[in-house]
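Asker: Data: data.pdb, PDB, C-alpha atoms.
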MODEL        1
ATOM      1  CA  MET Z   1      -3.853  18.358  41.359
ATOM      2  CA  VAL Z   2      -5.846  21.571  40.917
ATOM      3  CA  LEU Z   3      -8.580  20.495  43.340
ATOM      4  CA  ASN Z   4      -6.097  19.114  45.867
ATOM      5  CA  SER Z   5      -4.040  22.316  45.791
ATOM      6  CA  LEU Z   6      -6.737  24.996  45.699
ATOM      7  CA  PHE Z   7      -9.701  23.504  47.571
ATOM      8  CA  PRO Z   8      -8.071  23.514  51.062
ATOM      9  CA  VAL Z   9      -7.103  27.164  50.587
ATOM     10  CA  LEU Z  10     -10.620  28.114  49.482
ATOM     11  CA  VAL Z  11     -12.151  26.266  52.426
ATOM     12  CA  LEU Z  12      -9.985  28.065  54.994
ATOM     13  CA  ILE Z  13     -10.596  31.485  53.426
ATOM     14  CA  ALA Z  14     -14.349  30.801  53.378
ATOM     15  CA  LEU Z  15     -14.191  29.571  56.971
ATOM     16  CA  GLY Z  16     -12.400  32.760  57.983
ATOM     17  CA  ARG Z  17     -15.179  34.802  56.400
ATOM     18  CA  ALA Z  18     -17.867  32.685  58.119
ATOM     19  CA  LEU Z  19     -16.208  32.951  61.539
ATOM     20  CA  LYS Z  20     -16.085  36.742  61.210
ATOM     21  CA  HIS Z  21     -19.695  36.881  59.996
ATOM     22  CA  PHE Z  22     -21.007  34.882  62.983
ATOM     23  CA  GLY Z  23     -18.934  36.842  65.500
ATOM     24  CA  LEU Z  24     -16.552  34.022  66.425
ATOM     25  CA  THR Z  25     -13.646  36.252  65.420
ATOM     26  CA  ASP Z  26     -13.398  40.027  65.376
ATOM     27  CA  ALA Z  27     -11.114  42.807  64.168
ATOM     28  CA  VAL Z  28      -8.938  42.638  67.305
ATOM     29  CA  PHE Z  29      -8.391  38.890  66.962
ATOM     30  CA  LEU Z  30      -7.628  39.170  63.243
ATOM     31  CA  SER Z  31      -5.182  42.025  63.806
ATOM     32  CA  ARG Z  32      -3.287  40.074  66.453
ATOM     33  CA  ALA Z  33      -3.335  36.923  64.336
ATOM     34  CA  ASP Z  34      -1.883  38.897  61.421
ATOM     35  CA  ARG Z  35       0.927  40.246  63.596
ATOM     36  CA  LEU Z  36       1.764  36.823  65.025
ATOM     37  CA  THR Z  37       1.805  35.319  61.547
ATOM     38  CA  TYR Z  38       3.854  38.111  60.003
ATOM     39  CA  PHE Z  39       6.458  38.539  62.736
ATOM     40  CA  ILE Z  40       6.801  35.022  64.175
ATOM     41  CA  PHE Z  41       5.130  32.069  62.491
ATOM     42  CA  PHE Z  42       5.687  32.802  58.800
ATOM     43  CA  PRO Z  43       9.365  33.742  59.269
ATOM     44  CA  ALA Z  44       9.767  30.463  61.185
ATOM     45  CA  LEU Z  45       8.183  28.568  58.283
ATOM     46  CA  LEU Z  46      10.453  30.247  55.727
ATOM     47  CA  PHE Z  47      13.586  29.604  57.759
ATOM     48  CA  TRP Z  48      12.589  25.970  58.286
ATOM     49  CA  LYS Z  49      11.806  25.368  54.606
ATOM     50  CA  ILE Z  50      14.880  27.160  53.233
ATOM     51  CA  GLY Z  51      17.451  26.385  55.906
ATOM     52  CA  GLY Z  52      16.263  23.007  57.120
ATOM     53  CA  SER Z  53      17.853  21.044  54.274
ATOM     54  CA  PRO Z  54      20.754  21.667  51.890
ATOM     55  CA  PRO Z  55      19.914  22.802  48.346
ATOM     56  CA  SER Z  56      19.386  19.945  45.912
ATOM     57  CA  GLY Z  57      20.573  21.886  42.885
ATOM     58  CA  PRO Z  58      21.700  25.291  41.568
ATOM     59  CA  ILE Z  59      19.380  28.265  41.651
ATOM     60  CA  ASP Z  60      17.954  29.181  38.228
ATOM     61  CA  VAL Z  61      19.146  32.766  37.816
ATOM     62  CA  GLY Z  62      16.881  33.193  34.788
ATOM     63  CA  LEU Z  63      13.823  32.778  36.996
ATOM     64  CA  PHE Z  64      14.874  35.666  39.205
ATOM     65  CA  GLY Z  65      15.744  37.873  36.240
ATOM     66  CA  ALA Z  66      12.424  37.160  34.532
ATOM     67  CA  VAL Z  67      10.433  37.915  37.686
ATOM     68  CA  LEU Z  68      12.336  41.147  38.290
ATOM     69  CA  LEU Z  69      11.821  42.433  34.738
ATOM     70  CA  ALA Z  70       8.152  41.413  34.691
ATOM     71  CA  VAL Z  71       7.445  43.255  37.961
ATOM     72  CA  LEU Z  72       9.274  46.374  36.743
ATOM     73  CA  THR Z  73       7.350  46.287  33.447
ATOM     74  CA  ILE Z  74       3.948  46.063  35.148
ATOM     75  CA  TYR Z  75       5.018  48.773  37.582
ATOM     76  CA  GLY Z  76       5.798  51.091  34.667
ATOM     77  CA  LEU Z  77       2.512  50.288  32.938
ATOM     78  CA  SER Z  78       0.581  50.911  36.172
ATOM     79  CA  LEU Z  79       2.119  54.391  36.432
ATOM     80  CA  GLY Z  80       0.919  55.120  32.896
ATOM     81  CA  TYR Z  81      -2.616  54.048  33.828
ATOM     82  CA  ILE Z  82      -2.482  56.185  36.984
ATOM     83  CA  HIS Z  83      -1.518  59.254  34.955
ATOM     84  CA  TRP Z  84      -4.416  58.585  32.584
ATOM     85  CA  ARG Z  85      -7.251  57.589  34.939
ATOM     86  CA  LEU Z  86      -6.593  58.037  38.669
ATOM     87  CA  THR Z  87      -5.983  60.700  41.297
ATOM     88  CA  ASP Z  88      -2.786  61.077  43.303
ATOM     89  CA  PHE Z  89      -4.649  59.873  46.398
ATOM     90  CA  GLN Z  90      -5.478  56.572  44.665
ATOM     91  CA  ALA Z  91      -2.117  56.159  42.934
ATOM     92  CA  GLY Z  92      -0.071  54.447  45.630
ATOM     93  CA  SER Z  93      -2.750  51.905  46.499
ATOM     94  CA  PHE Z  94      -3.478  51.113  42.858
ATOM     95  CA  SER Z  95       0.156  50.719  41.835
ATOM     96  CA  GLN Z  96       0.912  48.319  44.705
ATOM     97  CA  SER Z  97      -2.060  46.124  43.850
ATOM     98  CA  CYS Z  98      -0.719  45.554  40.328
ATOM     99  CA  TYR Z  99       2.466  43.739  41.383
ATOM    100  CA  ARG Z 100       2.409  42.871  45.108
ATOM    101  CA  PHE Z 101       1.630  39.221  45.806
ATOM    102  CA  ASN Z 102      -0.002  37.291  48.635
ATOM    103  CA  THR Z 103       2.790  35.211  50.136
ATOM    104  CA  TYR Z 104       0.465  33.286  52.446
ATOM    105  CA  ILE Z 105      -1.827  31.994  49.703
ATOM    106  CA  GLY Z 106       1.253  31.268  47.606
ATOM    107  CA  MET Z 107       2.955  29.177  50.247
ATOM    108  CA  ALA Z 108      -0.269  27.349  51.162
ATOM    109  CA  ILE Z 109      -0.689  26.191  47.559
ATOM    110  CA  VAL Z 110       2.945  25.620  46.644
ATOM    111  CA  ILE Z 111       3.527  23.168  49.508
ATOM    112  CA  ASN Z 112       0.782  20.895  48.160
ATOM    113  CA  ALA Z 113       1.416  21.437  44.464
ATOM    114  CA  TYR Z 114       5.201  21.505  44.081
ATOM    115  CA  GLY Z 115       6.683  19.638  47.037
ATOM    116  CA  ALA Z 116       9.787  20.428  49.081
ATOM    117  CA  GLU Z 117      12.014  21.682  46.266
ATOM    118  CA  GLY Z 118       9.233  23.849  44.818
ATOM    119  CA  THR Z 119       8.579  25.297  48.260
ATOM    120  CA  ARG Z 120      12.259  26.104  48.694
ATOM    121  CA  THR Z 121      12.450  27.758  45.258
ATOM    122  CA  PHE Z 122       9.348  29.807  46.005
ATOM    123  CA  GLY Z 123      10.779  30.831  49.389
ATOM    124  CA  LEU Z 124      14.017  32.037  47.787
ATOM    125  CA  LEU Z 125      12.049  33.917  45.138
ATOM    126  CA  VAL Z 126      10.032  35.603  47.891
ATOM    127  CA  GLY Z 127      13.218  36.673  49.659
ATOM    128  CA  PHE Z 128      14.631  38.059  46.415
ATOM    129  CA  ILE Z 129      11.634  40.026  45.140
ATOM    130  CA  ILE Z 130      10.162  41.430  48.374
ATOM    131  CA  PRO Z 131      12.917  44.090  48.733
ATOM    132  CA  VAL Z 132      12.328  45.240  45.146
ATOM    133  CA  ILE Z 133       8.574  45.423  45.667
ATOM    134  CA  ASN Z 134       8.957  47.355  48.908
ATOM    135  CA  VAL Z 135      11.224  49.920  47.243
ATOM    136  CA  LEU Z 136       8.713  50.397  44.406
ATOM    137  CA  ALA Z 137       5.730  50.593  46.767
ATOM    138  CA  VAL Z 138       7.245  53.010  49.292
ATOM    139  CA  SER Z 139       8.734  55.242  46.583
ATOM    140  CA  THR Z 140       5.413  55.494  44.730
ATOM    141  CA  LEU Z 141       3.379  56.107  47.869
ATOM    142  CA  ILE Z 142       5.732  58.907  48.915
ATOM    143  CA  TRP Z 143       5.776  60.359  45.408
ATOM    144  CA  PHE Z 144       1.977  60.634  45.218
ATOM    145  CA  SER Z 145       1.277  61.232  48.924
ATOM    146  CA  GLY Z 146       0.999  64.999  48.651
ATOM    147  CA  ARG Z 147       3.400  65.395  51.548
ATOM    148  CA  SER Z 148       6.816  67.016  51.348
ATOM    149  CA  TYR Z 149       9.494  64.523  52.366
ATOM    150  CA  ALA Z 150      13.170  65.430  52.504
ATOM    151  CA  ARG Z 151      15.441  63.072  50.570
ATOM    152  CA  GLY Z 152      16.873  61.686  53.805
ATOM    153  CA  VAL Z 153      13.387  60.945  55.139
ATOM    154  CA  ARG Z 154      12.455  59.117  51.928
ATOM    155  CA  LEU Z 155      15.596  57.015  52.132
ATOM    156  CA  ARG Z 156      14.975  56.244  55.801
ATOM    157  CA  LEU Z 157      11.388  55.133  55.182
ATOM    158  CA  THR Z 158      12.492  52.865  52.346
ATOM    159  CA  LEU Z 159      15.362  51.334  54.297
ATOM    160  CA  LYS Z 160      13.105  50.816  57.315
ATOM    161  CA  ALA Z 161      10.637  48.895  55.137
ATOM    162  CA  LEU Z 162      13.480  46.618  54.036
ATOM    163  CA  VAL Z 163      15.577  45.972  57.140
ATOM    164  CA  SER Z 164      12.535  45.534  59.394
ATOM    165  CA  ASN Z 165      10.815  43.032  57.094
ATOM    166  CA  PRO Z 166      10.826  39.689  58.939
ATOM    167  CA  LEU Z 167      10.215  37.693  55.754
ATOM    168  CA  ILE Z 168      13.357  39.065  54.109
ATOM    169  CA  LEU Z 169      15.386  38.404  57.248
ATOM    170  CA  ALA Z 170      14.043  34.846  57.545
ATOM    171  CA  CYS Z 171      14.858  34.059  53.906
ATOM    172  CA  LEU Z 172      18.386  35.429  54.236
ATOM    173  CA  ALA Z 173      18.951  33.561  57.487
ATOM    174  CA  GLY Z 174      17.628  30.330  55.993
ATOM    175  CA  LEU Z 175      19.798  30.677  52.885
ATOM    176  CA  LEU Z 176      22.925  31.356  54.932
ATOM    177  CA  PHE Z 177      22.180  28.438  57.247
ATOM    178  CA  SER Z 178      21.571  26.136  54.293
ATOM    179  CA  ARG Z 179      24.883  27.143  52.702
ATOM    180  CA  SER Z 180      26.745  26.628  55.979
ATOM    181  CA  GLY Z 181      26.324  22.849  55.798
ATOM    182  CA  TRP Z 182      24.997  22.687  59.357
ATOM    183  CA  GLN Z 183      21.846  20.811  60.313
ATOM    184  CA  LEU Z 184      19.114  21.880  62.665
ATOM    185  CA  PRO Z 185      19.001  19.900  65.924
ATOM    186  CA  SER Z 186      16.008  17.596  65.890
ATOM    187  CA  PHE Z 187      14.272  19.403  68.761
ATOM    188  CA  VAL Z 188      14.675  22.782  67.011
ATOM    189  CA  ALA Z 189      13.385  21.332  63.731
ATOM    190  CA  ALA Z 190      10.402  19.853  65.587
ATOM    191  CA  ALA Z 191       9.595  23.219  67.191
ATOM    192  CA  LEU Z 192       9.824  25.011  63.836
ATOM    193  CA  GLU Z 193       7.624  22.360  62.243
ATOM    194  CA  LEU Z 194       4.926  22.963  64.859
ATOM    195  CA  MET Z 195       5.147  26.725  64.323
ATOM    196  CA  ALA Z 196       4.944  26.211  60.561
ATOM    197  CA  ALA Z 197       1.819  24.084  61.000
ATOM    198  CA  ILE Z 198       0.069  27.045  62.660
ATOM    199  CA  THR Z 199       1.119  29.594  60.058
ATOM    200  CA  LEU Z 200      -0.920  28.978  56.949
ATOM    201  CA  PRO Z 201      -4.281  28.076  58.554
ATOM    202  CA  MET Z 202      -4.075  31.211  60.702
ATOM    203  CA  ALA Z 203      -3.063  33.366  57.747
ATOM    204  CA  LEU Z 204      -5.854  32.051  55.515
ATOM    205  CA  LEU Z 205      -8.475  32.493  58.238
ATOM    206  CA  SER Z 206      -7.317  36.099  58.644
ATOM    207  CA  ILE Z 207      -7.518  36.699  54.887
ATOM    208  CA  GLY Z 208     -11.074  35.365  54.844
ATOM    209  CA  GLY Z 209     -12.061  37.454  57.849
ATOM    210  CA  ALA Z 210     -10.748  40.613  56.195
ATOM    211  CA  LEU Z 211     -12.668  40.133  52.946
ATOM    212  CA  THR Z 212     -15.801  42.222  52.582
ATOM    213  CA  LEU Z 213     -17.753  43.284  49.506
ATOM    214  CA  LYS Z 214     -18.893  46.591  51.024
ATOM    215  CA  THR Z 215     -15.880  48.553  49.785
ATOM    216  CA  VAL Z 216     -15.999  47.053  46.292
ATOM    217  CA  ARG Z 217     -19.196  48.848  45.246
ATOM    218  CA  GLY Z 218     -17.655  52.293  44.914
ATOM    219  CA  TYR Z 219     -14.348  51.100  43.484
ATOM    220  CA  LEU Z 220     -15.337  48.406  41.008
ATOM    221  CA  ALA Z 221     -13.699  49.955  37.907
ATOM    222  CA  PRO Z 222     -10.238  50.673  39.384
ATOM    223  CA  SER Z 223     -10.171  47.399  41.340
ATOM    224  CA  LEU Z 224     -10.981  45.424  38.175
ATOM    225  CA  ALA Z 225      -8.266  47.355  36.317
ATOM    226  CA  ALA Z 226      -5.772  46.507  39.059
ATOM    227  CA  ALA Z 227      -6.816  42.848  38.931
ATOM    228  CA  ALA Z 228      -6.306  42.893  35.150
ATOM    229  CA  PHE Z 229      -2.754  44.174  35.602
ATOM    230  CA  LYS Z 230      -2.014  41.633  38.334
ATOM    231  CA  LEU Z 231      -3.796  38.510  37.088
ATOM    232  CA  VAL Z 232      -3.642  38.947  33.300
ATOM    233  CA  GLY Z 233      -0.886  41.416  32.470
ATOM    234  CA  LEU Z 234       1.737  40.118  34.888
ATOM    235  CA  PRO Z 235       1.358  36.423  33.895
ATOM    236  CA  LEU Z 236       1.516  37.269  30.183
ATOM    237  CA  VAL Z 237       4.501  39.592  30.524
ATOM    238  CA  GLY Z 238       6.132  37.168  32.939
ATOM    239  CA  LEU Z 239       5.707  34.237  30.557
ATOM    240  CA  GLY Z 240       7.437  36.238  27.848
ATOM    241  CA  PHE Z 241      10.429  36.939  30.072
ATOM    242  CA  LEU Z 242      10.583  33.341  31.320
ATOM    243  CA  LYS Z 243      10.731  32.124  27.712
ATOM    244  CA  LEU Z 244      13.299  34.803  26.851
ATOM    245  CA  PHE Z 245      15.567  33.611  29.676
ATOM    246  CA  GLY Z 246      15.068  29.950  28.757
ATOM    247  CA  VAL Z 247      13.520  29.015  32.104
ATOM    248  CA  GLN Z 248      12.160  25.467  32.118
ATOM    249  CA  GLY Z 249      10.894  22.713  34.385
ATOM    250  CA  LEU Z 250      10.126  23.449  38.019
ATOM    251  CA  ALA Z 251      11.499  27.001  37.795
ATOM    252  CA  LEU Z 252       9.031  27.778  34.973
ATOM    253  CA  GLN Z 253       6.161  26.353  37.026
ATOM    254  CA  ILE Z 254       7.108  28.375  40.113
ATOM    255  CA  GLY Z 255       7.541  31.534  38.033
ATOM    256  CA  MET Z 256       4.108  31.255  36.433
ATOM    257  CA  PHE Z 257       2.556  30.337  39.775
ATOM    258  CA  PHE Z 258       4.100  33.446  41.328
ATOM    259  CA  PHE Z 259       2.711  35.682  38.571
ATOM    260  CA  ALA Z 260      -0.830  34.296  39.053
ATOM    261  CA  LEU Z 261      -1.049  35.031  42.789
ATOM    262  CA  PRO Z 262      -3.531  37.627  44.100
ATOM    263  CA  THR Z 263      -2.332  40.933  45.442
ATOM    264  CA  SER Z 264      -1.084  41.209  49.012
ATOM    265  CA  THR Z 265      -3.211  42.243  51.972
ATOM    266  CA  ALA Z 266      -0.148  44.187  53.202
ATOM    267  CA  LEU Z 267      -0.877  46.962  50.703
ATOM    268  CA  TYR Z 268      -3.721  48.176  52.961
ATOM    269  CA  VAL Z 269      -1.343  48.780  55.888
ATOM    270  CA  LEU Z 270       1.241  50.604  53.792
ATOM    271  CA  SER Z 271      -1.446  52.706  52.113
ATOM    272  CA  ALA Z 272      -2.757  53.768  55.509
ATOM    273  CA  GLN Z 273       0.725  54.693  56.729
ATOM    274  CA  LEU Z 274       1.616  56.808  53.683
ATOM    275  CA  ASN Z 275      -1.608  58.700  52.932
ATOM    276  CA  SER Z 276      -3.162  56.681  50.118
ATOM    277  CA  ASP Z 277      -6.673  55.360  49.477
ATOM    278  CA  THR Z 278      -7.312  52.475  51.898
ATOM    279  CA  GLN Z 279     -10.817  51.902  50.542
ATOM    280  CA  LEU Z 280      -9.407  51.280  47.081
ATOM    281  CA  ALA Z 281      -6.783  49.024  48.657
ATOM    282  CA  SER Z 282      -9.522  46.963  50.347
ATOM    283  CA  ALA Z 283     -11.518  46.672  47.120
ATOM    284  CA  THR Z 284      -8.521  45.533  45.070
ATOM    285  CA  ILE Z 285      -7.625  42.923  47.683
ATOM    286  CA  VAL Z 286     -11.123  41.420  47.531
ATOM    287  CA  ILE Z 287     -11.398  41.426  43.732
ATOM    288  CA  SER Z 288      -7.883  40.120  43.218
ATOM    289  CA  THR Z 289      -8.286  37.329  45.781
ATOM    290  CA  VAL Z 290     -11.621  36.144  44.362
ATOM    291  CA  LEU Z 291     -10.518  36.232  40.710
ATOM    292  CA  SER Z 292      -7.028  34.813  41.284
ATOM    293  CA  PHE Z 293      -8.232  31.230  41.445
ATOM    294  CA  ILE Z 294      -8.878  31.363  37.689
ATOM    295  CA  PRO Z 295      -5.255  32.025  36.640
ATOM    296  CA  LEU Z 296      -3.954  29.830  39.470
ATOM    297  CA  SER Z 297      -6.047  26.931  38.155
ATOM    298  CA  MET Z 298      -4.781  27.558  34.619
ATOM    299  CA  VAL Z 299      -1.167  27.547  35.789
ATOM    300  CA  LEU Z 300      -1.619  24.313  37.732
ATOM    301  CA  ILE Z 301      -3.267  22.669  34.691
ATOM    302  CA  TYR Z 302      -1.060  23.875  31.846
ATOM    303  CA  PHE Z 303       2.316  24.248  33.531
TER     304      PHE Z 303
ENDMDL
END
What is this file in structure tokens?
Answerer:
Amino acid sequence: MVLNSLFPVLVLIALGRALKHFGLTDAVFLSRADRLTYFIFFPALLFWKIGGSPPSGPIDVGLFGAVLLAVLTIYGLSLGYIHWRLTDFQAGSFSQSCYRFNTYIGMAIVINAYGAEGTRTFGLLVGFIIPVINVLAVSTLIWFSGRSYARGVRLRLTLKALVSNPLILACLAGLLFSRSGWQLPSFVAAALELMAAITLPMALLSIGGALTLKTVRGYLAPSLAAAAFKLVGLPLVGLGFLKLFGVQGLALQIGMFFFALPTSTALYVLSAQLNSDTQLASATIVISTVLSFIPLSMVLIYF
């Protein structure tokens, strides 16, 4: 199962890097592909997966509680490390990289590894935790930005990050549609299925095209520290909370899978918008993505 789940993702990421290297894609193409994926295709996939069929069982509340507490714990630990080792300019980028997760890689693997119900559980978890992560990320970036923001401006920036997030909106819409008892017309379901088929290949090609080792050289120590928080600390802390809440079966598998994901490429954009170190953000994305296949393999084998 490990090879079947991870190899297609690795191939598409490597292909994305090769296409960029040989000039078959460029920064403009990748930027537009990212926007199409983020605003149209991935929300369509989430809505289709969550809302396209009624839930087959109750949601495991313990899973959501364990994920929330694990993320908050790693967030607190990352702030301690920042105070000890890093500058304010690096703080926002570093903190994000310790708990943000790559939804695209996650969905690409979970569809193959955990089937329809696992995909639905992962989609609901994404919709639940993204607002929390955005609040933590925006608050920390503003806190360490060196700029003076009025309280109203801070609140507006945070709310904007939440209400304008298409992934949150798609998850909420899918959940409400699923609970309504309605069914998608066959032609609508077919259109969403075609859009979903585009989503993950395009996203993985874009991830591969964005990876470059140039920025890693000057930021190896902090990027490795961030990867340790994300790929070692978060799974270990998360496992403790999952056991504490008595999470078992598929919910346990999805929880551990979530904790093992690499950091999100979105942290670069937010770092650029709120005056944090984009070079550190790029380095942590590369290191986290490359190293993440070790914990992901372990989760797929042992859970």
Asker: Which residue out of Z:Leu86, Z:Leu46, Z:Leu36, Z:Ile142 has the minimum interatomic distance to Z:Ile168 when all atoms listed in the file are used?
Answerer: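 So, comparing all the options, the nearest one is Z:Leu46.
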Asker: For a quick check of your reading of the model, name the residues lying within 12 Å of the coordinate (-1.1, 28.8, 59.8), counting all atoms listed in the file, and write them as a VMD selection string.
Answerer: chain Z and resid 9 12 to 13 33 to 34 36 to 38 40 to 45 104 to 105 107 to 108 193 to 207
Asker: Quick one, how far is atom CA of Z:Thr215 from atom CA of Z:Ala18?
Answerer: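 That distance, rounded to one decimal, is 18.0 Å.
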Asker: Using only C-alpha atoms, pick whichever of Z:Thr278, Z:Ser271, Z:Thr121, Z:Ser264 has the shortest atom-to-atom distance to Z:Phe64.
Answerer: Z:Thr121
Asker: What residues come out when you apply the PyMOL selection byres ((chain Z and resi 98) around 9) to this file, written as a JSON list (two decimals) with C-alpha atoms, in the coordinates of the input?
Answerer:
[["chain", "number", "residue", "atom", "x", "y", "z"],
["Z", 71, "VAL", "CA", 7.44, 43.26, 37.96],
["Z", 74, "ILE", "CA", 3.95, 46.06, 35.15],
["Z", 75, "TYR", "CA", 5.02, 48.77, 37.58],
["Z", 78, "SER", "CA", 0.58, 50.91, 36.17],
["Z", 94, "PHE", "CA", -3.48, 51.11, 42.86],
["Z", 95, "SER", "CA", 0.16, 50.72, 41.84],
["Z", 96, "GLN", "CA", 0.91, 48.32, 44.70],
["Z", 97, "SER", "CA", -2.06, 46.12, 43.85],
["Z", 99, "TYR", "CA", 2.47, 43.74, 41.38],
["Z", 100, "ARG", "CA", 2.41, 42.87, 45.11],
["Z", 101, "PHE", "CA", 1.63, 39.22, 45.81],
["Z", 225, "ALA", "CA", -8.27, 47.36, 36.32],
["Z", 226, "ALA", "CA", -5.77, 46.51, 39.06],
["Z", 227, "ALA", "CA", -6.82, 42.85, 38.93],
["Z", 228, "ALA", "CA", -6.31, 42.89, 35.15],
["Z", 229, "PHE", "CA", -2.75, 44.17, 35.60],
["Z", 230, "LYS", "CA", -2.01, 41.63, 38.33],
["Z", 231, "LEU", "CA", -3.80, 38.51, 37.09],
["Z", 233, "GLY", "CA", -0.89, 41.42, 32.47],
["Z", 234, "LEU", "CA", 1.74, 40.12, 34.89],
["Z", 263, "THR", "CA", -2.33, 40.93, 45.44]]
Asker: So, with all atoms listed in the file as the atoms that count, which of Z:Ser288, Z:Ser297, Z:Ser93, Z:Thr265 lies closest to Z:Val138?
Answerer: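 With all atoms listed in the file as the atom set, the closest residue is Z:Ser93.
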Asker: Calculate how many Å separate atom CA of Z:Asp277 from atom CA of Z:Arg85, rounding to one decimal.
Answerer: 14.7 Å
Asker: When distances are computed from all atoms listed in the file, which of Z:Pro185, Z:Pro295, Z:Gly238, Z:Pro262 shows the smallest separation from Z:Leu72?
Answerer: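 Ranked by minimum distance to Z:Leu72, first place goes to Z:Gly238.
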Asker: Neighbouring residues of stretch 122-129 of chain Z were defined as those with any atom within 8 Å, considering all atoms listed in the file; residues of the same chain fewer than 6 positions away were excluded. Please report them as an NGL selection string.
Answerer: :Z and (46 or 49-50 or 64 or 67-68 or 103 or 107 or 110 or 167-168 or 171-172 or 175 or 254 or 258)
Asker: Working from the structure I just supplied, which lacks atoms in stretch 259-274 of chain Z, can you model N, CA and C atoms there and output them as a PDB file, keeping the file's coordinate frame?
Answerer:
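File produced: out-v2.pdb:
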ATOM      1  N   PHE Z 259       3.380  34.614  39.311  1.00  0.00           N
ATOM      2  CA  PHE Z 259       2.711  35.682  38.571  1.00  0.00           C
ATOM      3  C   PHE Z 259       1.193  35.635  38.736  1.00  0.00           C
ATOM      4  N   ALA Z 260       0.628  34.450  38.978  1.00  0.00           N
ATOM      5  CA  ALA Z 260      -0.830  34.296  39.053  1.00  0.00           C
ATOM      6  C   ALA Z 260      -1.398  34.557  40.443  1.00  0.00           C
ATOM      7  N   LEU Z 261      -0.561  34.830  41.421  1.00  0.00           N
ATOM      8  CA  LEU Z 261      -1.049  35.031  42.789  1.00  0.00           C
ATOM      9  C   LEU Z 261      -1.838  36.333  42.930  1.00  0.00           C
ATOM     10  N   PRO Z 262      -2.802  36.373  43.856  1.00  0.00           N
ATOM     11  CA  PRO Z 262      -3.531  37.627  44.100  1.00  0.00           C
ATOM     12  C   PRO Z 262      -2.639  38.646  44.773  1.00  0.00           C
ATOM     13  N   THR Z 263      -3.113  39.881  44.814  1.00  0.00           N
ATOM     14  CA  THR Z 263      -2.332  40.933  45.442  1.00  0.00           C
ATOM     15  C   THR Z 263      -2.285  40.745  46.957  1.00  0.00           C
ATOM     16  N   SER Z 264      -1.340  41.409  47.587  1.00  0.00           N
ATOM     17  CA  SER Z 264      -1.084  41.209  49.012  1.00  0.00           C
ATOM     18  C   SER Z 264      -2.006  42.046  49.883  1.00  0.00           C
ATOM     19  N   THR Z 265      -2.421  41.479  51.003  1.00  0.00           N
ATOM     20  CA  THR Z 265      -3.211  42.243  51.972  1.00  0.00           C
ATOM     21  C   THR Z 265      -2.367  43.314  52.663  1.00  0.00           C
ATOM     22  N   ALA Z 266      -1.036  43.211  52.563  1.00  0.00           N
ATOM     23  CA  ALA Z 266      -0.148  44.187  53.202  1.00  0.00           C
ATOM     24  C   ALA Z 266      -0.266  45.568  52.569  1.00  0.00           C
ATOM     25  N   LEU Z 267      -0.798  45.655  51.354  1.00  0.00           N
ATOM     26  CA  LEU Z 267      -0.877  46.962  50.703  1.00  0.00           C
ATOM     27  C   LEU Z 267      -1.821  47.898  51.454  1.00  0.00           C
ATOM     28  N   TYR Z 268      -2.798  47.341  52.183  1.00  0.00           N
ATOM     29  CA  TYR Z 268      -3.721  48.176  52.961  1.00  0.00           C
ATOM     30  C   TYR Z 268      -2.953  48.915  54.062  1.00  0.00           C
ATOM     31  N   VAL Z 269      -2.090  48.188  54.774  1.00  0.00           N
ATOM     32  CA  VAL Z 269      -1.343  48.780  55.888  1.00  0.00           C
ATOM     33  C   VAL Z 269      -0.429  49.883  55.397  1.00  0.00           C
ATOM     34  N   LEU Z 270       0.303  49.617  54.322  1.00  0.00           N
ATOM     35  CA  LEU Z 270       1.241  50.604  53.792  1.00  0.00           C
ATOM     36  C   LEU Z 270       0.499  51.816  53.236  1.00  0.00           C
ATOM     37  N   SER Z 271      -0.643  51.594  52.618  1.00  0.00           N
ATOM     38  CA  SER Z 271      -1.446  52.706  52.113  1.00  0.00           C
ATOM     39  C   SER Z 271      -1.917  53.607  53.249  1.00  0.00           C
ATOM     40  N   ALA Z 272      -2.306  52.994  54.355  1.00  0.00           N
ATOM     41  CA  ALA Z 272      -2.757  53.768  55.509  1.00  0.00           C
ATOM     42  C   ALA Z 272      -1.612  54.582  56.111  1.00  0.00           C
ATOM     43  N   GLN Z 273      -0.425  54.014  56.131  1.00  0.00           N
ATOM     44  CA  GLN Z 273       0.725  54.693  56.729  1.00  0.00           C
ATOM     45  C   GLN Z 273       1.203  55.868  55.894  1.00  0.00           C
ATOM     46  N   LEU Z 274       1.033  55.794  54.563  1.00  0.00           N
ATOM     47  CA  LEU Z 274       1.616  56.808  53.683  1.00  0.00           C
ATOM     48  C   LEU Z 274       0.551  57.546  52.860  1.00  0.00           C
TER      49      LEU Z 274
END
